[in-house]
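Reproduced below: run.cif, with mmCIF, C-alpha atoms.
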```cif
data_input
#
loop_
_atom_site.label_atom_id
_atom_site.label_comp_id
_atom_site.auth_asym_id
_atom_site.auth_seq_id
_atom_site.Cartn_x
_atom_site.Cartn_y
_atom_site.Cartn_z
CA MET A 252 16.04 36.51 10.32
CA GLU A 253 17.66 33.15 9.73
CA THR A 254 16.00 30.20 8.09
CA PRO A 255 17.36 26.64 8.51
CA ILE A 256 18.75 26.71 4.97
CA ALA A 257 21.45 29.18 6.06
CA ARG A 258 22.98 26.53 8.26
CA VAL A 259 23.22 23.87 5.56
CA ARG A 260 24.13 26.09 2.61
CA GLY A 261 27.61 25.34 1.30
CA LEU A 262 27.87 21.98 3.02
CA GLY A 263 27.06 20.10 -0.15
CA SER A 264 24.74 17.13 -0.61
CA ALA A 265 24.19 14.65 2.22
CA ARG A 266 24.45 12.01 -0.55
CA SER A 267 21.52 10.05 0.76
CA GLY A 268 18.57 12.33 0.01
CA ALA A 269 17.42 10.62 -3.16
CA HIS A 270 17.88 7.06 -1.89
CA HIS A 271 14.55 6.83 -0.04
CA TRP A 272 12.70 8.42 -2.95
CA TRP A 273 14.33 6.09 -5.46
CA LEU A 274 13.60 2.94 -3.42
CA GLU A 275 9.99 4.03 -3.06
CA ARG A 276 9.68 4.22 -6.87
CA LEU A 277 11.54 0.95 -7.36
CA THR A 278 9.37 -0.95 -4.87
CA SER A 279 6.24 0.60 -6.36
CA VAL A 280 7.09 -0.90 -9.76
CA SER A 281 7.74 -4.35 -8.28
CA THR A 282 4.64 -4.13 -6.07
CA LEU A 283 2.53 -3.10 -9.06
CA ILE A 284 3.70 -6.07 -11.15
CA LEU A 285 3.25 -8.52 -8.26
CA PHE A 286 -0.22 -7.23 -7.37
CA VAL A 287 -1.43 -7.54 -10.96
CA TRP A 288 -0.25 -11.17 -10.77
CA PHE A 289 -1.92 -11.60 -7.36
CA ILE A 290 -5.30 -10.21 -8.46
CA VAL A 291 -5.34 -12.32 -11.64
CA ALA A 292 -4.28 -15.43 -9.67
CA LEU A 293 -6.90 -14.84 -6.95
CA LEU A 294 -9.68 -14.40 -9.50
CA GLY A 295 -8.52 -17.57 -11.25
CA LEU A 296 -8.68 -19.76 -8.13
CA PRO A 297 -11.61 -22.20 -8.10
CA SER A 298 -12.34 -21.32 -4.47
CA LEU A 299 -10.76 -19.56 -1.51
CA ASP A 300 -11.32 -22.53 0.80
CA TYR A 301 -8.54 -24.07 2.89
CA ALA A 302 -7.59 -26.88 0.51
CA SER A 303 -7.59 -24.73 -2.66
CA VAL A 304 -5.50 -21.96 -1.15
CA ARG A 305 -2.93 -24.37 0.28
CA GLU A 306 -2.69 -26.38 -2.92
CA TRP A 307 -2.19 -23.13 -4.85
CA LEU A 308 0.50 -21.79 -2.48
CA ALA A 309 2.36 -25.11 -2.59
CA SER A 310 3.24 -24.51 -6.24
CA PRO A 311 6.61 -22.76 -6.71
CA LEU A 312 5.04 -20.47 -9.31
CA ALA A 313 2.62 -19.20 -6.65
CA ALA A 314 4.83 -19.39 -3.55
CA VAL A 315 7.78 -17.47 -5.00
CA PRO A 316 5.81 -14.49 -6.39
CA MET A 317 3.87 -14.46 -3.11
CA LEU A 318 7.13 -14.27 -1.10
CA LEU A 319 8.37 -11.48 -3.38
CA LEU A 320 5.03 -9.71 -3.02
CA ILE A 321 5.32 -9.80 0.78
CA VAL A 322 8.83 -8.30 0.77
CA SER A 323 8.07 -5.73 -1.92
CA THR A 324 4.73 -4.61 -0.46
CA PHE A 325 5.80 -4.27 3.16
CA TRP A 326 9.02 -2.55 2.13
CA HIS A 327 7.05 -0.09 -0.01
CA ALA A 328 4.53 0.38 2.82
CA LYS A 329 7.34 1.16 5.24
CA LEU A 330 8.86 3.77 2.93
CA GLY A 331 5.52 5.43 2.21
CA MET A 332 4.28 5.43 5.80
CA GLN A 333 7.59 6.88 6.95
CA VAL A 334 7.08 9.89 4.66
CA LEU A 335 3.55 10.25 6.01
CA ILE A 336 4.82 10.24 9.60
CA GLU A 337 7.65 12.67 8.80
CA ASP A 338 5.14 15.05 7.22
CA TYR A 339 2.49 15.00 9.91
CA VAL A 340 4.19 14.10 13.19
CA HIS A 341 6.25 17.15 14.09
CA GLU A 342 7.37 16.47 17.64
CA ASP A 343 10.73 14.65 17.60
CA GLY A 344 9.87 12.15 20.34
CA TRP A 345 6.58 11.12 18.75
CA LYS A 346 8.23 10.96 15.35
CA PHE A 347 10.90 8.59 16.64
CA PHE A 348 8.30 6.48 18.43
CA SER A 349 5.98 6.33 15.40
CA ILE A 350 8.73 5.34 12.98
CA THR A 351 10.03 2.70 15.39
CA LEU A 352 6.52 1.29 15.78
CA LEU A 353 6.10 1.32 11.99
CA ASN A 354 9.32 -0.64 11.53
CA PHE A 355 8.31 -3.20 14.17
CA PHE A 356 4.92 -3.59 12.49
CA VAL A 357 6.11 -4.03 8.90
CA ILE A 358 8.99 -6.35 9.78
CA GLY A 359 6.85 -8.43 12.14
CA ALA A 360 3.94 -8.66 9.69
CA ALA A 361 6.19 -9.45 6.74
CA ALA A 362 8.05 -12.14 8.73
CA LEU A 363 4.80 -13.81 9.77
CA ALA A 364 3.41 -13.74 6.23
CA PHE A 365 6.73 -14.93 4.75
CA PHE A 366 7.04 -17.84 7.17
CA SER A 367 3.41 -18.84 6.58
CA VAL A 368 3.92 -19.11 2.83
CA LEU A 369 7.16 -21.09 3.33
CA LYS A 370 5.45 -23.47 5.75
CA ILE A 371 2.61 -24.18 3.30
CA ALA A 372 5.02 -24.48 0.36
CA PHE A 373 7.44 -26.85 2.12
CA ALA A 374 4.57 -28.94 3.45
CA GLY A 375 3.55 -29.42 -0.19
CA GLY A 376 0.07 -28.04 0.46
CA GLU A 377 -0.92 -31.12 2.50
CA MET B 237 13.29 20.90 12.84
CA ALA B 238 14.19 24.29 14.33
CA ARG B 239 11.91 26.96 12.91
CA ASN B 240 11.51 30.69 13.34
CA ALA B 241 8.06 30.85 14.92
CA SER B 242 7.44 34.39 13.69
CA ARG B 243 7.62 33.26 10.08
CA PRO B 244 4.45 31.90 8.40
CA LEU B 245 4.14 28.23 7.48
CA SER B 246 3.51 27.33 3.87
CA PRO B 247 1.52 25.94 2.12
CA HIS B 248 -1.65 27.41 3.60
CA LEU B 249 -3.69 24.30 3.01
CA THR B 250 -6.96 25.73 4.24
CA ILE B 251 -7.22 28.71 1.89
CA TRP B 252 -7.30 26.76 -1.39
CA ARG B 253 -10.49 25.77 -3.14
CA TRP B 254 -10.59 22.00 -3.44
CA GLY B 255 -9.71 20.56 -6.84
CA PRO B 256 -9.42 17.01 -8.23
CA HIS B 257 -5.61 17.07 -7.93
CA MET B 258 -5.85 17.74 -4.18
CA LEU B 259 -8.36 14.95 -3.78
CA VAL B 260 -6.11 12.47 -5.64
CA SER B 261 -3.11 13.54 -3.61
CA ILE B 262 -4.75 13.00 -0.25
CA LEU B 263 -6.50 9.82 -1.47
CA HIS B 264 -3.11 8.42 -2.45
CA ARG B 265 -1.88 8.92 1.10
CA ALA B 266 -5.07 7.78 2.79
CA SER B 267 -5.35 4.65 0.63
CA GLY B 268 -1.68 3.81 1.19
CA ASP B 269 -2.17 4.27 4.90
CA GLY B 270 -5.27 2.07 4.97
CA LEU B 271 -3.68 -0.60 2.80
CA THR B 272 -0.65 -0.78 5.06
CA VAL B 273 -2.54 -1.15 8.32
CA VAL B 274 -5.84 -2.86 7.44
CA GLY B 275 -4.60 -4.59 4.28
CA GLY B 276 -1.37 -5.66 5.96
CA ILE B 277 -3.20 -7.24 8.88
CA ALA B 278 -5.76 -8.92 6.56
CA LEU B 279 -3.05 -10.38 4.30
CA VAL B 280 -1.03 -11.68 7.25
CA TRP B 281 -4.11 -13.11 8.94
CA TRP B 282 -5.16 -14.90 5.74
CA LEU B 283 -1.71 -16.45 5.15
CA ALA B 284 -1.06 -17.28 8.82
CA ALA B 285 -4.49 -18.91 9.13
CA ALA B 286 -3.84 -21.00 6.01
CA ALA B 287 -0.48 -22.06 7.49
CA THR B 288 -1.93 -22.83 10.93
CA GLY B 289 -4.74 -25.25 10.12
CA PRO B 290 -8.35 -25.79 8.99
CA GLN B 291 -9.87 -24.36 12.18
CA ALA B 292 -7.84 -21.15 12.12
CA TYR B 293 -8.73 -20.78 8.45
CA GLU B 294 -12.41 -21.35 9.21
CA THR B 295 -12.27 -18.54 11.79
CA PHE B 296 -10.73 -16.23 9.19
CA LEU B 297 -13.41 -17.12 6.62
CA ASP B 298 -16.20 -16.58 9.18
CA HIS B 299 -15.02 -12.99 9.66
CA ALA B 300 -14.30 -12.44 5.97
CA ASP B 301 -17.77 -13.65 4.95
CA ASN B 302 -19.46 -11.49 7.57
CA TRP B 303 -20.96 -8.11 6.63
CA TYR B 304 -18.04 -6.17 8.09
CA GLY B 305 -15.57 -8.49 6.34
CA VAL B 306 -17.24 -7.80 3.00
CA ILE B 307 -17.23 -4.03 3.63
CA LEU B 308 -13.52 -4.20 4.52
CA ALA B 309 -12.75 -6.33 1.45
CA VAL B 310 -14.57 -3.95 -0.90
CA GLY B 311 -12.90 -0.97 0.79
CA LEU B 312 -9.46 -2.57 0.55
CA SER B 313 -9.93 -3.45 -3.13
CA TRP B 314 -10.98 0.14 -3.85
CA ALA B 315 -7.98 1.49 -1.90
CA LEU B 316 -5.70 -0.84 -3.87
CA PHE B 317 -7.05 0.21 -7.28
CA GLN B 318 -7.08 3.88 -6.29
CA HIS B 319 -3.50 3.71 -4.98
CA MET B 320 -2.41 1.78 -8.09
CA LEU B 321 -3.85 4.38 -10.49
CA SER B 322 -2.74 7.45 -8.54
CA GLY B 323 0.68 5.76 -8.25
CA LEU B 324 0.81 5.41 -12.04
CA ARG B 325 -0.10 9.11 -12.24
CA HIS B 326 2.87 9.83 -9.98
CA PHE B 327 5.19 7.95 -12.38
CA VAL B 328 4.04 10.22 -15.21
CA MET B 329 4.54 13.32 -13.07
CA ASP B 330 7.96 12.02 -11.94
CA ILE B 331 9.20 12.28 -15.52
CA GLY B 332 7.96 15.88 -15.58
CA ALA B 333 4.84 15.34 -17.68
CA GLY B 334 1.19 16.14 -17.05
CA TYR B 335 1.52 19.35 -15.07
CA GLU B 336 -0.54 21.50 -17.47
CA LEU B 337 -3.71 22.58 -15.67
CA THR B 338 -6.25 20.88 -17.94
CA THR B 339 -4.16 17.71 -18.37
CA ASN B 340 -3.56 17.48 -14.64
CA LYS B 341 -7.24 17.97 -13.85
CA PHE B 342 -8.32 15.42 -16.48
CA TRP B 343 -6.05 12.64 -15.21
CA SER B 344 -6.89 13.42 -11.59
CA VAL B 345 -10.57 12.86 -12.37
CA MET B 346 -9.74 9.75 -14.43
CA THR B 347 -7.74 8.31 -11.54
CA VAL B 348 -10.69 8.57 -9.16
CA ALA B 349 -13.18 7.33 -11.77
CA GLY B 350 -10.85 4.49 -12.76
CA GLY B 351 -10.49 3.36 -9.16
CA ILE B 352 -14.27 3.11 -8.77
CA VAL B 353 -14.74 1.37 -12.14
CA LEU B 354 -12.01 -1.22 -11.46
CA THR B 355 -13.49 -1.94 -8.01
CA MET B 356 -16.93 -2.46 -9.55
CA LEU B 357 -15.55 -4.74 -12.29
CA PHE B 358 -13.57 -6.73 -9.71
CA TRP B 359 -16.62 -7.45 -7.55
CA LEU B 360 -18.91 -7.88 -10.54
CA TYR B 361 -16.58 -10.66 -11.68
CA ILE B 362 -16.47 -12.24 -8.20
CA TRP B 363 -20.20 -12.04 -7.44
CA GLY B 364 -21.59 -12.13 -10.98
CA VAL B 365 -19.34 -14.47 -12.95
CA LYS B 366 -17.93 -16.70 -10.21
CA GLY B 367 -21.03 -16.61 -8.03
#
```
Encoded form using structure tokens:
Amino acid sequence: METPIARVRGLGSARSGAHHWWLERLTSVSTLILFVWFIVALLGLPSLDYASVREWLASPLAAVPMLLLIVSTFWHAKLGMQVLIEDYVHEDGWKFFSITLLNFFVIGAAALAFFSVLKIAFAGGE
Amino acid sequence: MARNASRPLSPHLTIWRWGPHMLVSILHRASGDGLTVVGGIALVWWLAAAATGPQAYETFLDHADNWYGVILAVGLSWALFQHMLSGLRHFVMDIGAGYELTTNKFWSVMTVAGGIVLTMLFWLYIWGVKG
């Protein structure tokens, strides 16, 4: 009987195993901080109508944390969802497809959100 | 991964009696999953609509104010608070603390209870205080 561990034993560390885990923790701290800001800011807005939201996002102190929130959250989502896929999707082809789709989704969504905030901010909320 | 098919797979998920720690574990994954897909799309839609113009934003608000929009918003806020609290629990466990049976069970229950309480406070503030 041979288990997969017999083939890797003695080869030493791949030197990248902890990187994903560490980034997931790091982005969870930044996402936590940014979401506490986001919830407090949202609850503090007079209204969620068009003019109020744009005026709010035009301020650097709202636009910059919002941009950071977008990067941090989608990055964290990508790392977490990848673990989910790796755990539950066993067939190599489907795994590759799922992770590719995940990357397209998070990068596309983050880019759209990022650009939207920049557009509102640079337009001065007008 | 290549696997000897004659060997059993572990863990045998189906033979364990459900406990709070298992619930929190799977809720952490399910809420993260939901937040990524549904929350991600909602966040992008909101920001893109605000960047596009008053009409696009009106369309977004029409859906958000609808019954299904409210259900999704409440669900997303619960998923966020649940994921936040079970994430904090993971930080504690990452440093090697909180594995004792009673401690682990207590904080598992508190995580679920806390998620529900925070969601209720959040919407109580929005509907009750802000109107």
Taking all atoms listed in the file into account, name the residue in B:Leu337, B:Ala278, B:Leu283, B:Leu263 that is nearest to chain A.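 Of B:Leu337, B:Ala278, B:Leu283, B:Leu263, the one nearest chain A is B:Leu283, counting all atoms listed in the file.
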Å distance separating atom CA of Phe296 of chain B from atom CA of Ile277 of chain B, one decimal place: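 So the answer is 11.7 Å.
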Would you kindly translate the PyMOL selection byres ((chain B and resi 352) around 12) into the concrete residues it picks from this file, as a list in words? Val310, Gly311, Leu312, Ser313, Trp314, Ala315, Leu316, Phe317, Gln318, His319, Met320, Leu321, Val345, Met346, Thr347, Val348, Ala349, Gly350, Gly351, Val353, Leu354, Thr355, Met356, Leu357, Phe358 and Trp359 of chain B
How far is it from atom CA of Trp272 of chain A to atom CA of Ser323 of chain A, in Å with one decimal? 14.9 Å
Between atom CA of His270 of chain A and atom CA of Leu330 of chain A, distance in Å (one decimal):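 Value for the atom CA of His270 of chain A-atom CA of Leu330 of chain A distance: 10.7 Å.
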